[in-house]
Amino acid sequence: MRKIGFAKYKNQTKEILPKTYQIRERLSQRKMFCTMINQYLCKEAQFPLKKMQAFNHDLLYIFEKKIESFFQIYKLRPEKSQKIVQIYTYDSTLFNQYFKQSKNPKMRYFSKDICFKANYKISPKCLHPSSELIQLIFNGKEVEMMLDLNEIFTKTVYRRIKQEIDKTVTLDAPYIHIDQHGIRTRLYPRWKHIDPKNLKQRDRDIKEGLEQLNDEEIDQCYLIYPKTDIFKRHIMVKGESSSHLKMIPYSFTFCNREKKSCKK
C-alpha cells in the first residue's frame, strides 16, 4: 500500500508527494496533492489553488495556515473578555488538543483559559470546517498525515467525472461505476506504473478485470493508471472470449491550470 503525505522526522517535516507525468517540480507536486485532498473536504475547508506561491512552503505549513485562517486571532484582545457566538461541542475538544501540541504561539494561545461572556448557542454536532483539516493531520497525539494513494486517486477520478442528466456515477470503493444508456462501466483506478511494452507486469490486474467482465453485471471495464512519458494512449486488451477491457492513462495536467477541466 503506497502512502503519501508528511511526517515529522528529526524536527523537520518530511514530505512524500505524488509524482506523475509533467508534474515533477516540488511546488507542482504540492499543488497536485492539495488538489487531490480537496476531494475529501467541504467547500469552506478546501485549499485555494490559483496562487502558485502558496506552495513554496511544506505541507504542514500549508495546512496550519489554512486552519489558522478560520480563527480570527487578530481580533482577540487578552485584556478584554470575548463574546462567544457559538460553541462547537464536539469540535472543541479536538481544537484544544491540536492547539496544545502546536509550536505556533498563536495556536497555543487558544488552548489557554480565556474569559468569555456566557451568551451563546451550542452546536449539537461537528460543523466547523477546520475540524475536517485537523482530523486529517492530527491523530490526537502528534501531527502527521499518511494517506492511501490508491484511495485518494480513486476519489479524485470519481469527483472529476463530468455529470450529465442521463448518467449516474457511484463510488463503490475501490471501484467507480457509471450507468448510462443501459450500459454499466466499471472504472478501477490504481496508482501503478504501466509499460506498454511489458504488460505482463500487470497480468494480475488484467486477469481480474476480464474475470469481472465475465462473472459480474458490468458491460465495460476500464483500468485507470497515471499517465506517464511512455503510457499516453489507451490500450485495448482482449480476453479469450469476446470480452475486452481498456487500460487508460489519467492525466493530472489540470493541476497546472487556472480552471478545472473534467477531461481525462
# chains A, B, ... in the order shown; residues from 1 in each chain; ligands from 1
call {"tool": "residues_around", "arguments": {"residues": "A:Ile194", "least_positions_apart": "4", "cutoff": "9 Å", "atoms": "only C-alpha atoms", "output": "ChimeraX atom specification"}}
result
/A:198-199,201-202,225-228,230-231,249
call {"tool": "closest_atom_pairs", "arguments": {"of": "stretch 133-221 of chain A", "to": "stretch 43-64 of chain A", "cutoff": "10 Å", "atoms": "only C-alpha atoms", "output": "tab-separated table"}}
result
residue	atom	partner	partner_atom	distance
A:Leu133	CA	A:Ala45	CA	7.0
A:Ile134	CA	A:Phe63	CA	8.4
A:Leu136	CA	A:Phe63	CA	9.6
A:Ile137	CA	A:Phe63	CA	8.3
A:Val143	CA	A:Leu60	CA	8.6
A:Glu144	CA	A:Leu60	CA	8.3
A:Met145	CA	A:Leu60	CA	9.1
call {"tool": "residues_around", "arguments": {"residues": "A:Glu217", "least_positions_apart": "4", "cutoff": "12 Å", "atoms": "only C-alpha atoms", "output": "list in words"}}
result
His177, Asp179, Gly182, Ile183, Arg184, Thr185, Arg186, Glu211, Gln212, Leu213 and Cys221 of chain A
call {"tool": "residues_around", "arguments": {"residues": "stretch 154-163 of chain A", "least_positions_apart": "3", "cutoff": "12 Å", "atoms": "only C-alpha atoms", "output": "PyMOL selection string"}}
result
chain A and resi 32-41+148-151+166-180+186-191+223-226+248-252+254-255+260-264
call {"tool": "atom_distance", "arguments": {"atom1": "atom CA of A:Arg108", "atom2": "atom CA of A:Phe71"}}
result
12.4 Å
call {"tool": "closest_residue", "arguments": {"among": "A:Lys100, A:Arg2, A:Lys19, A:Lys232", "to": "A:Lys141", "atoms": "only C-alpha atoms"}}
result
A:Lys100
call {"tool": "atom_distance", "arguments": {"atom1": "atom CA of A:Leu17", "atom2": "atom CA of A:Ile4"}}
result
5.6 Å
call {"tool": "residues_around", "arguments": {"residues": "A:Ile23", "least_positions_apart": "5", "cutoff": "8 Å", "atoms": "only C-alpha atoms", "output": "list in words"}}
result
Ser28, Gln29, Phe252 and Thr253 of chain A
